[in-house]
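This is input.cif (mmCIF, C-alpha atoms and all ligand atoms; chains and numbers go by the auth columns).
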```cif
data_target
loop_
_atom_site.group_PDB
_atom_site.id
_atom_site.type_symbol
_atom_site.label_atom_id
_atom_site.label_comp_id
_atom_site.label_asym_id
_atom_site.label_seq_id
_atom_site.Cartn_x
_atom_site.Cartn_y
_atom_site.Cartn_z
_atom_site.B_iso_or_equiv
_atom_site.auth_seq_id
_atom_site.auth_asym_id
ATOM 1 C CA MET A 1 31.551 -66.632 12.047 0.00 1 C
ATOM 2 C CA GLU A 2 28.313 -65.195 13.384 0.00 2 C
ATOM 3 C CA ILE A 3 27.271 -61.955 15.025 0.00 3 C
ATOM 4 C CA LYS A 4 26.890 -62.159 18.792 0.00 4 C
ATOM 5 C CA ILE A 5 23.587 -60.779 20.018 0.00 5 C
ATOM 6 C CA TYR A 6 22.883 -58.962 23.309 0.00 6 C
ATOM 7 C CA PRO A 7 22.990 -60.075 26.134 0.00 7 C
ATOM 8 C CA ASP A 8 25.908 -62.321 25.113 0.00 8 C
ATOM 9 C CA PRO A 9 28.457 -61.594 27.887 0.00 9 C
ATOM 10 C CA ILE A 10 31.343 -61.505 25.391 0.00 10 C
ATOM 11 C CA LEU A 11 30.027 -58.108 24.285 0.00 11 C
ATOM 12 C CA LEU A 12 30.932 -56.679 27.713 0.00 12 C
ATOM 13 C CA GLU A 13 34.538 -57.920 27.759 0.00 13 C
ATOM 14 C CA ASN A 14 37.665 -55.825 27.365 0.00 14 C
ATOM 15 C CA CYS A 15 39.679 -56.679 24.268 0.00 15 C
ATOM 16 C CA LYS A 16 43.432 -57.169 24.103 0.00 16 C
ATOM 17 C CA ASP A 17 45.782 -55.393 21.729 0.00 17 C
ATOM 18 C CA VAL A 18 46.540 -57.148 18.457 0.00 18 C
ATOM 19 C CA VAL A 19 50.152 -58.345 18.675 0.00 19 C
ATOM 20 C CA ASN A 20 50.590 -59.901 15.229 0.00 20 C
ATOM 21 C CA ILE A 21 49.038 -58.660 12.025 0.00 21 C
ATOM 22 C CA ASP A 22 49.228 -61.985 10.234 0.00 22 C
ATOM 23 C CA GLU A 23 47.329 -63.764 7.469 0.00 23 C
ATOM 24 C CA GLY A 24 44.785 -65.037 9.972 0.00 24 C
ATOM 25 C CA LEU A 25 43.912 -61.504 11.010 0.00 25 C
ATOM 26 C CA VAL A 26 43.712 -60.327 7.395 0.00 26 C
ATOM 27 C CA SER A 27 41.285 -63.108 6.447 0.00 27 C
ATOM 28 C CA THR A 28 39.231 -62.584 9.628 0.00 28 C
ATOM 29 C CA ALA A 29 38.920 -58.860 8.844 0.00 29 C
ATOM 30 C CA LYS A 30 37.823 -59.651 5.298 0.00 30 C
ATOM 31 C CA GLU A 31 35.208 -62.087 6.558 0.00 31 C
ATOM 32 C CA MET A 32 33.943 -59.427 8.985 0.00 32 C
ATOM 33 C CA ILE A 33 33.637 -56.926 6.128 0.00 33 C
ATOM 34 C CA ASN A 34 31.597 -59.460 4.141 0.00 34 C
ATOM 35 C CA ILE A 35 29.273 -60.135 7.070 0.00 35 C
ATOM 36 C CA MET A 36 28.891 -56.403 7.800 0.00 36 C
ATOM 37 C CA ARG A 37 27.967 -55.679 4.192 0.00 37 C
ATOM 38 C CA SER A 38 25.658 -58.696 3.908 0.00 38 C
ATOM 39 C CA VAL A 39 23.460 -57.253 6.672 0.00 39 C
ATOM 40 C CA ASP A 40 23.805 -53.621 5.498 0.00 40 C
ATOM 41 C CA GLY A 41 25.844 -52.687 8.569 0.00 41 C
ATOM 42 C CA ILE A 42 28.236 -49.740 8.642 0.00 42 C
ATOM 43 C CA GLY A 43 30.653 -51.098 11.243 0.00 43 C
ATOM 44 C CA LEU A 44 31.538 -54.332 13.030 0.00 44 C
ATOM 45 C CA ALA A 45 33.967 -54.826 15.914 0.00 45 C
ATOM 46 C CA ALA A 46 35.910 -58.034 16.634 0.00 46 C
ATOM 47 C CA PRO A 47 34.092 -58.869 19.921 0.00 47 C
ATOM 48 C CA GLN A 48 30.798 -58.814 17.990 0.00 48 C
ATOM 49 C CA VAL A 49 31.988 -61.979 16.259 0.00 49 C
ATOM 50 C CA GLY A 50 33.465 -63.413 19.452 0.00 50 C
ATOM 51 C CA ILE A 51 37.073 -62.262 19.015 0.00 51 C
ATOM 52 C CA LEU A 52 38.472 -60.375 22.012 0.00 52 C
ATOM 53 C CA GLN A 53 41.066 -58.381 20.097 0.00 53 C
ATOM 54 C CA ARG A 54 41.254 -54.656 19.472 0.00 54 C
ATOM 55 C CA PHE A 55 40.207 -54.147 15.870 0.00 55 C
ATOM 56 C CA PHE A 56 37.120 -53.266 13.897 0.00 56 C
ATOM 57 C CA VAL A 57 35.958 -52.857 10.330 0.00 57 C
ATOM 58 C CA CYS A 58 33.681 -50.155 8.969 0.00 58 C
ATOM 59 C CA ILE A 59 32.574 -48.419 5.815 0.00 59 C
ATOM 60 C CA ASP A 60 34.811 -45.689 4.420 0.00 60 C
ATOM 61 C CA PHE A 61 32.478 -42.708 4.149 0.00 61 C
ATOM 62 C CA ALA A 62 35.102 -40.707 2.274 0.00 62 C
ATOM 63 C CA ASN A 63 34.103 -42.755 -0.746 0.00 63 C
ATOM 64 C CA GLU A 64 30.737 -41.527 -2.046 0.00 64 C
ATOM 65 C CA ASN A 65 29.668 -44.980 -3.209 0.00 65 C
ATOM 66 C CA ARG A 66 30.556 -46.414 0.198 0.00 66 C
ATOM 67 C CA GLU A 67 32.144 -49.392 -1.504 0.00 67 C
ATOM 68 C CA ASP A 68 35.457 -49.156 0.359 0.00 68 C
ATOM 69 C CA SER A 69 35.945 -50.512 3.853 0.00 69 C
ATOM 70 C CA LEU A 70 38.408 -49.603 6.581 0.00 70 C
ATOM 71 C CA VAL A 71 40.125 -51.837 9.115 0.00 71 C
ATOM 72 C CA LEU A 72 41.419 -50.137 12.269 0.00 72 C
ATOM 73 C CA ILE A 73 43.772 -52.161 14.471 0.00 73 C
ATOM 74 C CA ASN A 74 44.650 -51.135 18.039 0.00 74 C
ATOM 75 C CA PRO A 75 42.824 -47.819 17.585 0.00 75 C
ATOM 76 C CA LYS A 76 43.276 -45.020 20.088 0.00 76 C
ATOM 77 C CA ILE A 77 41.203 -41.847 20.244 0.00 77 C
ATOM 78 C CA THR A 78 43.857 -39.223 20.934 0.00 78 C
ATOM 79 C CA GLU A 79 41.840 -36.022 20.514 0.00 79 C
ATOM 80 C CA MET A 80 38.165 -35.210 20.873 0.00 80 C
ATOM 81 C CA GLU A 81 36.178 -32.066 20.328 0.00 81 C
ATOM 82 C CA GLY A 82 32.574 -30.901 20.483 0.00 82 C
ATOM 83 C CA ARG A 83 29.434 -32.898 21.093 0.00 83 C
ATOM 84 C CA THR A 84 26.837 -34.275 18.748 0.00 84 C
ATOM 85 C CA GLU A 85 23.717 -36.406 19.001 0.00 85 C
ATOM 86 C CA SER A 86 23.402 -39.294 16.571 0.00 86 C
ATOM 87 C CA LYS A 87 20.708 -41.898 16.114 0.00 87 C
ATOM 88 C CA GLU A 88 22.452 -45.237 16.370 0.00 88 C
ATOM 89 C CA GLY A 89 21.767 -48.910 16.150 0.00 89 C
ATOM 90 C CA CYS A 90 23.994 -51.940 16.614 0.00 90 C
ATOM 91 C CA LEU A 91 24.202 -55.260 14.797 0.00 91 C
ATOM 92 C CA SER A 92 24.354 -56.910 18.243 0.00 92 C
ATOM 93 C CA ILE A 93 21.081 -55.214 19.336 0.00 93 C
ATOM 94 C CA PRO A 94 19.120 -55.657 16.114 0.00 94 C
ATOM 95 C CA GLY A 95 15.998 -53.612 15.493 0.00 95 C
ATOM 96 C CA PHE A 96 16.559 -50.912 18.114 0.00 96 C
ATOM 97 C CA TYR A 97 17.665 -47.337 17.421 0.00 97 C
ATOM 98 C CA GLU A 98 18.107 -44.384 19.739 0.00 98 C
ATOM 99 C CA TYR A 99 19.903 -41.051 20.016 0.00 99 C
ATOM 100 C CA VAL A 100 23.211 -41.077 21.840 0.00 100 C
ATOM 101 C CA TYR A 101 25.881 -38.474 22.576 0.00 101 C
ATOM 102 C CA ARG A 102 29.205 -38.543 20.760 0.00 102 C
ATOM 103 C CA TYR A 103 32.167 -36.258 20.195 0.00 103 C
ATOM 104 C CA GLU A 104 31.720 -34.258 17.053 0.00 104 C
ATOM 105 C CA LYS A 105 35.311 -34.591 15.866 0.00 105 C
ATOM 106 C CA ILE A 106 38.082 -36.900 16.966 0.00 106 C
ATOM 107 C CA GLN A 107 41.594 -37.882 16.082 0.00 107 C
ATOM 108 C CA ILE A 108 42.063 -41.626 16.043 0.00 108 C
ATOM 109 C CA ASP A 109 45.422 -43.365 15.636 0.00 109 C
ATOM 110 C CA ALA A 110 45.524 -46.978 14.486 0.00 110 C
ATOM 111 C CA LEU A 111 47.344 -49.569 12.401 0.00 111 C
ATOM 112 C CA ASP A 112 46.090 -50.818 9.050 0.00 112 C
ATOM 113 C CA LEU A 113 46.272 -54.397 7.740 0.00 113 C
ATOM 114 C CA ASP A 114 49.799 -53.747 6.447 0.00 114 C
ATOM 115 C CA GLY A 115 50.911 -52.710 9.924 0.00 115 C
ATOM 116 C CA ASN A 116 51.248 -49.069 8.890 0.00 116 C
ATOM 117 C CA GLU A 117 50.329 -46.313 11.331 0.00 117 C
ATOM 118 C CA VAL A 118 47.329 -44.333 10.167 0.00 118 C
ATOM 119 C CA ILE A 119 45.804 -41.190 11.646 0.00 119 C
ATOM 120 C CA TYR A 120 42.219 -40.185 10.895 0.00 120 C
ATOM 121 C CA HIS A 121 40.477 -36.878 11.581 0.00 121 C
ATOM 122 C CA PRO A 122 36.873 -37.900 10.905 0.00 122 C
ATOM 123 C CA ASP A 123 33.735 -35.892 11.407 0.00 123 C
ATOM 124 C CA GLY A 124 30.071 -36.631 10.743 0.00 124 C
ATOM 125 C CA LEU A 125 29.007 -40.255 10.434 0.00 125 C
ATOM 126 C CA GLN A 126 32.578 -41.549 10.096 0.00 126 C
ATOM 127 C CA SER A 127 33.460 -40.040 13.478 0.00 127 C
ATOM 128 C CA VAL A 128 30.351 -41.546 15.087 0.00 128 C
ATOM 129 C CA VAL A 129 31.040 -45.004 13.634 0.00 129 C
ATOM 130 C CA PHE A 130 34.659 -44.952 14.815 0.00 130 C
ATOM 131 C CA GLN A 131 33.524 -44.037 18.340 0.00 131 C
ATOM 132 C CA HIS A 132 30.758 -46.680 18.373 0.00 132 C
ATOM 133 C CA GLU A 133 33.117 -49.435 17.187 0.00 133 C
ATOM 134 C CA ASN A 134 35.974 -48.305 19.434 0.00 134 C
ATOM 135 C CA ASP A 135 33.592 -48.543 22.422 0.00 135 C
ATOM 136 C CA HIS A 136 32.939 -52.207 21.566 0.00 136 C
ATOM 137 C CA LEU A 137 36.641 -52.914 22.176 0.00 137 C
ATOM 138 C CA ASP A 138 36.159 -51.733 25.775 0.00 138 C
ATOM 139 C CA GLY A 139 32.955 -53.758 26.189 0.00 139 C
ATOM 140 C CA ILE A 140 30.814 -50.630 25.949 0.00 140 C
ATOM 141 C CA LEU A 141 27.487 -50.818 24.103 0.00 141 C
ATOM 142 C CA PHE A 142 25.802 -47.706 22.754 0.00 142 C
ATOM 143 C CA PRO A 143 23.115 -47.394 25.483 0.00 143 C
ATOM 144 C CA GLU A 144 25.992 -46.340 27.753 0.00 144 C
ATOM 145 C CA ARG A 145 26.217 -43.126 25.714 0.00 145 C
ATOM 146 C CA MET A 146 22.558 -42.186 26.274 0.00 146 C
ATOM 147 C CA SER A 147 21.182 -39.854 28.904 0.00 147 C
ATOM 148 C CA GLN A 148 20.231 -41.836 32.019 0.00 148 C
ATOM 149 C CA ILE A 149 16.476 -41.518 31.403 0.00 149 C
ATOM 150 C CA LYS A 150 16.759 -42.698 27.801 0.00 150 C
ATOM 151 C CA LYS A 151 19.066 -45.512 28.829 0.00 151 C
ATOM 152 C CA ASP A 152 16.650 -46.811 31.497 0.00 152 C
ATOM 153 C CA ILE A 153 13.759 -46.921 29.019 0.00 153 C
ATOM 154 C CA PHE A 154 15.927 -48.427 26.284 0.00 154 C
ATOM 155 C CA MET A 155 17.364 -51.145 28.537 0.00 155 C
ATOM 156 C CA LYS A 156 13.863 -52.150 29.674 0.00 156 C
ATOM 157 C CA LYS A 157 12.825 -52.511 26.040 0.00 157 C
ATOM 158 C CA ILE A 158 15.818 -54.565 24.957 0.00 158 C
ATOM 159 C CA ASN A 159 15.812 -56.734 28.079 0.00 159 C
ATOM 160 C CA LYS A 160 12.207 -57.615 27.265 0.00 160 C
ATOM 161 C CA GLU A 161 13.116 -58.429 23.655 0.00 161 C
ATOM 162 C CA PHE A 162 16.374 -60.353 24.222 0.00 162 C
ATOM 163 C CA LYS A 163 16.339 -62.903 27.021 0.00 163 C
HETATM 164 ZN ZN ZN B . 27.626 -51.937 17.722 0.00 201 D
#
```
What is this structure when it is put down as structure tokens?
Ligand SMILES: [Zn+2]
Amino acid sequence: MEIKIYPDPILLENCKDVVNIDEGLVSTAKEMINIMRSVDGIGLAAPQVGILQRFFVCIDFANENREDSLVLINPKITEMEGRTESKEGCLSIPGFYEYVYRYEKIQIDALDLDGNEVIYHPDGLQSVVFQHENDHLDGILFPERMSQIKKDIFMKKINKEFK
């Protein structure tokens, strides 16, 4: 398993719902958590490792030590509120960071690895990470959430870097 780097076209694909939460998915999610942590990432979505299914892993910011991870399967943002600017990066666009617009608070419904329904009401960094990773499942990379001027400059920079 390796992290796909921009402009790998798989990063722009739409992912399909997870149908079966089986042992394969559990071990894949665990491997993704290991990779994410090995590169000091805070989130990693399935298409970033070449899997076109709707799930992602991320750090659980509710835990102060940040040693717990979350797995969200078939997530859906069902409520959104407010607007915030956050400086973001992406493991698939390494070395580049820029401010993007996000909702301040969201409600996100998902399944966990046991197939249980979970509902989160994150704010702060957890909310931003959920939105960033959820976007990956729709083939949306974080430059899409920049103002047009910022996006144009950013895209020029990354298109020069990654060919
Ligand atoms: Zn990303």
Can you translate the PyMOL selection byres (((not hetatm)) within 6 of (chain D and resi 201)) into the concrete residues it hits in this file, as number ranges by chain?
C: 90-92
Would you write out, as JSON lines, a table of all residues in region 52-144 of chain C that have an atom no more than 9 Å from an atom of region 149-158 of chain C, listing for each the closest atom pair and the distance in Å to one decimal, considering all atoms listed in the file and ordering rows by chain and rising residue number?
```
{"residue": "C:Ile93", "atom": "CA", "partner": "C:Ile158", "partner_atom": "CA", "distance": 7.7}
{"residue": "C:Phe96", "atom": "CA", "partner": "C:Ile158", "partner_atom": "CA", "distance": 7.8}
{"residue": "C:Glu98", "atom": "CA", "partner": "C:Phe154", "partner_atom": "CA", "distance": 8.0}
{"residue": "C:Tyr99", "atom": "CA", "partner": "C:Lys150", "partner_atom": "CA", "distance": 8.6}
{"residue": "C:Val100", "atom": "CA", "partner": "C:Lys150", "partner_atom": "CA", "distance": 8.9}
{"residue": "C:Pro143", "atom": "CA", "partner": "C:Lys151", "partner_atom": "CA", "distance": 5.6}
{"residue": "C:Glu144", "atom": "CA", "partner": "C:Lys151", "partner_atom": "CA", "distance": 7.1}
```
Using the chain letters and residue numbers of this document, give as a PyMOL selection string the residues selected by the PyMOL selection byres (((chain C and resi 44) around 6) and not hetatm).
chain C and resi 43+45+56-57
Which of these, C:Glu161, C:Asp123, C:Glu31, C:Glu133, has the shortest distance to Ala62 (chain C) once you count all atoms listed in the file?
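Distance minimum relative to Ala62 (chain C) lands on C:Asp123.
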Of the candidates C:Gln126, C:His121, C:Val49, C:Ile33, which one gets nearest to Asp8 (chain C) if we count all atoms listed in the file?
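Smallest separation from Asp8 (chain C) among the options: C:Val49.
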Please provide as a PyMOL selection string all residues within 9 Å of Phe61 (chain C), with the sequence filter that same-chain residues fewer than 6 positions apart are discarded (counting only C-alpha atoms).
chain C and resi 67-69+125-126
Output C-alpha atoms for every residue in that selection, as a compact mmCIF listing (two decimals), in the coordinates of the input.
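Ended up saving to result_22.txt:
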```txt
# COMPACT_ATOMS: atom_id res chain seq x y z
CA GLU C 67 32.14 -49.39 -1.50
CA ASP C 68 35.46 -49.16 0.36
CA SER C 69 35.94 -50.51 3.85
CA LEU C 125 29.01 -40.26 10.43
CA GLN C 126 32.58 -41.55 10.10
```
Explicit residue set for the PyMOL selection byres (((chain C and resi 111) around 12) and not hetatm), as a PDB file with C-alpha atoms, in the coordinates of the input:
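That gives us expr_9.pdb:
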```pdb
ATOM      1  CA  ASP C  17      45.782 -55.393  21.729  1.00  0.00           C
ATOM      2  CA  VAL C  18      46.540 -57.148  18.457  1.00  0.00           C
ATOM      3  CA  VAL C  19      50.152 -58.345  18.675  1.00  0.00           C
ATOM      4  CA  ASN C  20      50.590 -59.901  15.229  1.00  0.00           C
ATOM      5  CA  ILE C  21      49.038 -58.660  12.025  1.00  0.00           C
ATOM      6  CA  ARG C  54      41.254 -54.656  19.472  1.00  0.00           C
ATOM      7  CA  PHE C  55      40.207 -54.147  15.870  1.00  0.00           C
ATOM      8  CA  PHE C  56      37.120 -53.266  13.897  1.00  0.00           C
ATOM      9  CA  LEU C  70      38.408 -49.603   6.581  1.00  0.00           C
ATOM     10  CA  VAL C  71      40.125 -51.837   9.115  1.00  0.00           C
ATOM     11  CA  LEU C  72      41.419 -50.137  12.269  1.00  0.00           C
ATOM     12  CA  ILE C  73      43.772 -52.161  14.471  1.00  0.00           C
ATOM     13  CA  ASN C  74      44.650 -51.135  18.039  1.00  0.00           C
ATOM     14  CA  PRO C  75      42.824 -47.819  17.585  1.00  0.00           C
ATOM     15  CA  LYS C  76      43.276 -45.020  20.088  1.00  0.00           C
ATOM     16  CA  ILE C 108      42.063 -41.626  16.043  1.00  0.00           C
ATOM     17  CA  ASP C 109      45.422 -43.365  15.636  1.00  0.00           C
ATOM     18  CA  ALA C 110      45.524 -46.978  14.486  1.00  0.00           C
ATOM     19  CA  ASP C 112      46.090 -50.818   9.050  1.00  0.00           C
ATOM     20  CA  LEU C 113      46.272 -54.397   7.740  1.00  0.00           C
ATOM     21  CA  ASP C 114      49.799 -53.747   6.447  1.00  0.00           C
ATOM     22  CA  GLY C 115      50.911 -52.710   9.924  1.00  0.00           C
ATOM     23  CA  ASN C 116      51.248 -49.069   8.890  1.00  0.00           C
ATOM     24  CA  GLU C 117      50.329 -46.313  11.331  1.00  0.00           C
ATOM     25  CA  VAL C 118      47.329 -44.333  10.167  1.00  0.00           C
ATOM     26  CA  ILE C 119      45.804 -41.190  11.646  1.00  0.00           C
ATOM     27  CA  TYR C 120      42.219 -40.185  10.895  1.00  0.00           C
TER      28      TYR C 120
END
```
Name the closest residue to Thr78 (chain C) among the candidates C:Leu137, C:Val39, C:Glu64, C:Ile106; distances are taken between atoms, counting all atoms listed in the file.
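Nearest candidate to Thr78 (chain C) out of C:Leu137, C:Val39, C:Glu64, C:Ile106: C:Ile106.
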Around all of region 37-55 of chain C's listed atoms, make the axis-aligned box with 5 Å on each side and tell me centre and edge lengths in Å to one decimal, as JSON.
```
{"center_x": 32.4, "center_y": -56.6, "center_z": 13.0, "size_x": 27.8, "size_y": 23.7, "size_z": 28.1}
```
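Among C:Gln148, C:Ser127, C:Asn65, C:Gln48, the residue with the shortest atom-to-atom distance to Glu81 (chain C), counting all atoms listed in the file, is C:Ser127.
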Rank C:Gly41, C:Pro94, C:Pro7, C:Gly82 by their smallest atom-to-atom distance to Val129 (chain C), using only C-alpha atoms, and report the top residue only.
C:Gly41
Point-to-point distance in Å for CA of Arg83 (chain C) and CA of Asp40 (chain C)
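Between CA of Asp40 (chain C) and CA of Arg83 (chain C) the gap is 26.5 Å.
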Can you measure CA of Leu52 (chain C) to CA of Cys15 (chain C) for me? One decimal in Å is fine.
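These two atoms are separated by 4.5 Å.
Here the question is which of C:Met32, C:Ile77, C:Ile140, C:Ala46 gets nearest to Tyr103 (chain C) using all atoms listed in the file, and that residue is C:Ile77.
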Could you please determine the separation between CA of Glu79 (chain C) and CA of Gln107 (chain C) in Å, to one decimal place?
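According to the coordinates, CA of Glu79 (chain C) and CA of Gln107 (chain C) are separated by 4.8 Å.
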What would region 84-101 of chain C look like with N, CA, C and O atoms restored, written as a PDB file, in the coordinates of the input?
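Listing of selection-v8.pdb after writing:
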```pdb
ATOM      1  N   THR C  84      27.898 -34.132  19.732  1.00  0.00           N
ATOM      2  CA  THR C  84      26.837 -34.275  18.748  1.00  0.00           C
ATOM      3  C   THR C  84      25.902 -35.388  19.195  1.00  0.00           C
ATOM      4  O   THR C  84      26.294 -36.250  19.990  1.00  0.00           O
ATOM      5  N   GLU C  85      24.663 -35.333  18.721  1.00  0.00           N
ATOM      6  CA  GLU C  85      23.717 -36.406  19.001  1.00  0.00           C
ATOM      7  C   GLU C  85      23.503 -37.181  17.715  1.00  0.00           C
ATOM      8  O   GLU C  85      23.261 -36.583  16.667  1.00  0.00           O
ATOM      9  N   SER C  86      23.606 -38.498  17.782  1.00  0.00           N
ATOM     10  CA  SER C  86      23.402 -39.294  16.571  1.00  0.00           C
ATOM     11  C   SER C  86      22.461 -40.449  16.878  1.00  0.00           C
ATOM     12  O   SER C  86      22.501 -41.009  17.974  1.00  0.00           O
ATOM     13  N   LYS C  87      21.601 -40.759  15.929  1.00  0.00           N
ATOM     14  CA  LYS C  87      20.708 -41.898  16.114  1.00  0.00           C
ATOM     15  C   LYS C  87      21.454 -43.155  15.696  1.00  0.00           C
ATOM     16  O   LYS C  87      21.901 -43.252  14.556  1.00  0.00           O
ATOM     17  N   GLU C  88      21.622 -44.065  16.630  1.00  0.00           N
ATOM     18  CA  GLU C  88      22.452 -45.237  16.370  1.00  0.00           C
ATOM     19  C   GLU C  88      21.686 -46.530  16.567  1.00  0.00           C
ATOM     20  O   GLU C  88      20.698 -46.579  17.287  1.00  0.00           O
ATOM     21  N   GLY C  89      22.205 -47.545  15.923  1.00  0.00           N
ATOM     22  CA  GLY C  89      21.767 -48.910  16.150  1.00  0.00           C
ATOM     23  C   GLY C  89      23.013 -49.750  16.280  1.00  0.00           C
ATOM     24  O   GLY C  89      24.129 -49.230  16.240  1.00  0.00           O
ATOM     25  N   CYS C  90      22.839 -51.062  16.437  1.00  0.00           N
ATOM     26  CA  CYS C  90      23.994 -51.940  16.614  1.00  0.00           C
ATOM     27  C   CYS C  90      23.608 -53.316  16.104  1.00  0.00           C
ATOM     28  O   CYS C  90      22.523 -53.812  16.411  1.00  0.00           O
ATOM     29  N   LEU C  91      24.499 -53.931  15.346  1.00  0.00           N
ATOM     30  CA  LEU C  91      24.202 -55.260  14.797  1.00  0.00           C
ATOM     31  C   LEU C  91      24.008 -56.295  15.905  1.00  0.00           C
ATOM     32  O   LEU C  91      23.399 -57.331  15.685  1.00  0.00           O
ATOM     33  N   SER C  92      24.506 -55.987  17.111  1.00  0.00           N
ATOM     34  CA  SER C  92      24.354 -56.910  18.243  1.00  0.00           C
ATOM     35  C   SER C  92      23.080 -56.635  19.049  1.00  0.00           C
ATOM     36  O   SER C  92      22.771 -57.373  19.984  1.00  0.00           O
ATOM     37  N   ILE C  93      22.377 -55.538  18.710  1.00  0.00           N
ATOM     38  CA  ILE C  93      21.081 -55.214  19.336  1.00  0.00           C
ATOM     39  C   ILE C  93      20.113 -54.913  18.193  1.00  0.00           C
ATOM     40  O   ILE C  93      19.653 -53.784  18.035  1.00  0.00           O
ATOM     41  N   PRO C  94      19.839 -55.925  17.364  1.00  0.00           N
ATOM     42  CA  PRO C  94      19.120 -55.657  16.114  1.00  0.00           C
ATOM     43  C   PRO C  94      17.715 -55.113  16.327  1.00  0.00           C
ATOM     44  O   PRO C  94      16.995 -55.561  17.211  1.00  0.00           O
ATOM     45  N   GLY C  95      17.367 -54.122  15.501  1.00  0.00           N
ATOM     46  CA  GLY C  95      15.998 -53.612  15.493  1.00  0.00           C
ATOM     47  C   GLY C  95      15.749 -52.439  16.419  1.00  0.00           C
ATOM     48  O   GLY C  95      14.642 -51.910  16.456  1.00  0.00           O
ATOM     49  N   PHE C  96      16.752 -52.002  17.165  1.00  0.00           N
ATOM     50  CA  PHE C  96      16.559 -50.912  18.114  1.00  0.00           C
ATOM     51  C   PHE C  96      17.480 -49.735  17.788  1.00  0.00           C
ATOM     52  O   PHE C  96      18.682 -49.923  17.557  1.00  0.00           O
ATOM     53  N   TYR C  97      16.909 -48.542  17.775  1.00  0.00           N
ATOM     54  CA  TYR C  97      17.665 -47.337  17.421  1.00  0.00           C
ATOM     55  C   TYR C  97      17.338 -46.243  18.427  1.00  0.00           C
ATOM     56  O   TYR C  97      16.210 -46.120  18.871  1.00  0.00           O
ATOM     57  N   GLU C  98      18.352 -45.466  18.786  1.00  0.00           N
ATOM     58  CA  GLU C  98      18.107 -44.384  19.739  1.00  0.00           C
ATOM     59  C   GLU C  98      19.222 -43.331  19.612  1.00  0.00           C
ATOM     60  O   GLU C  98      20.312 -43.628  19.122  1.00  0.00           O
ATOM     61  N   TYR C  99      18.911 -42.140  20.050  1.00  0.00           N
ATOM     62  CA  TYR C  99      19.903 -41.051  20.016  1.00  0.00           C
ATOM     63  C   TYR C  99      20.893 -41.195  21.164  1.00  0.00           C
ATOM     64  O   TYR C  99      20.499 -41.467  22.305  1.00  0.00           O
ATOM     65  N   VAL C 100      22.155 -41.034  20.831  1.00  0.00           N
ATOM     66  CA  VAL C 100      23.211 -41.077  21.840  1.00  0.00           C
ATOM     67  C   VAL C 100      24.140 -39.882  21.630  1.00  0.00           C
ATOM     68  O   VAL C 100      24.131 -39.247  20.577  1.00  0.00           O
ATOM     69  N   TYR C 101      24.927 -39.582  22.654  1.00  0.00           N
ATOM     70  CA  TYR C 101      25.881 -38.474  22.576  1.00  0.00           C
ATOM     71  C   TYR C 101      27.247 -38.970  22.120  1.00  0.00           C
ATOM     72  O   TYR C 101      27.729 -40.005  22.589  1.00  0.00           O
TER      73      TYR C 101
END
```
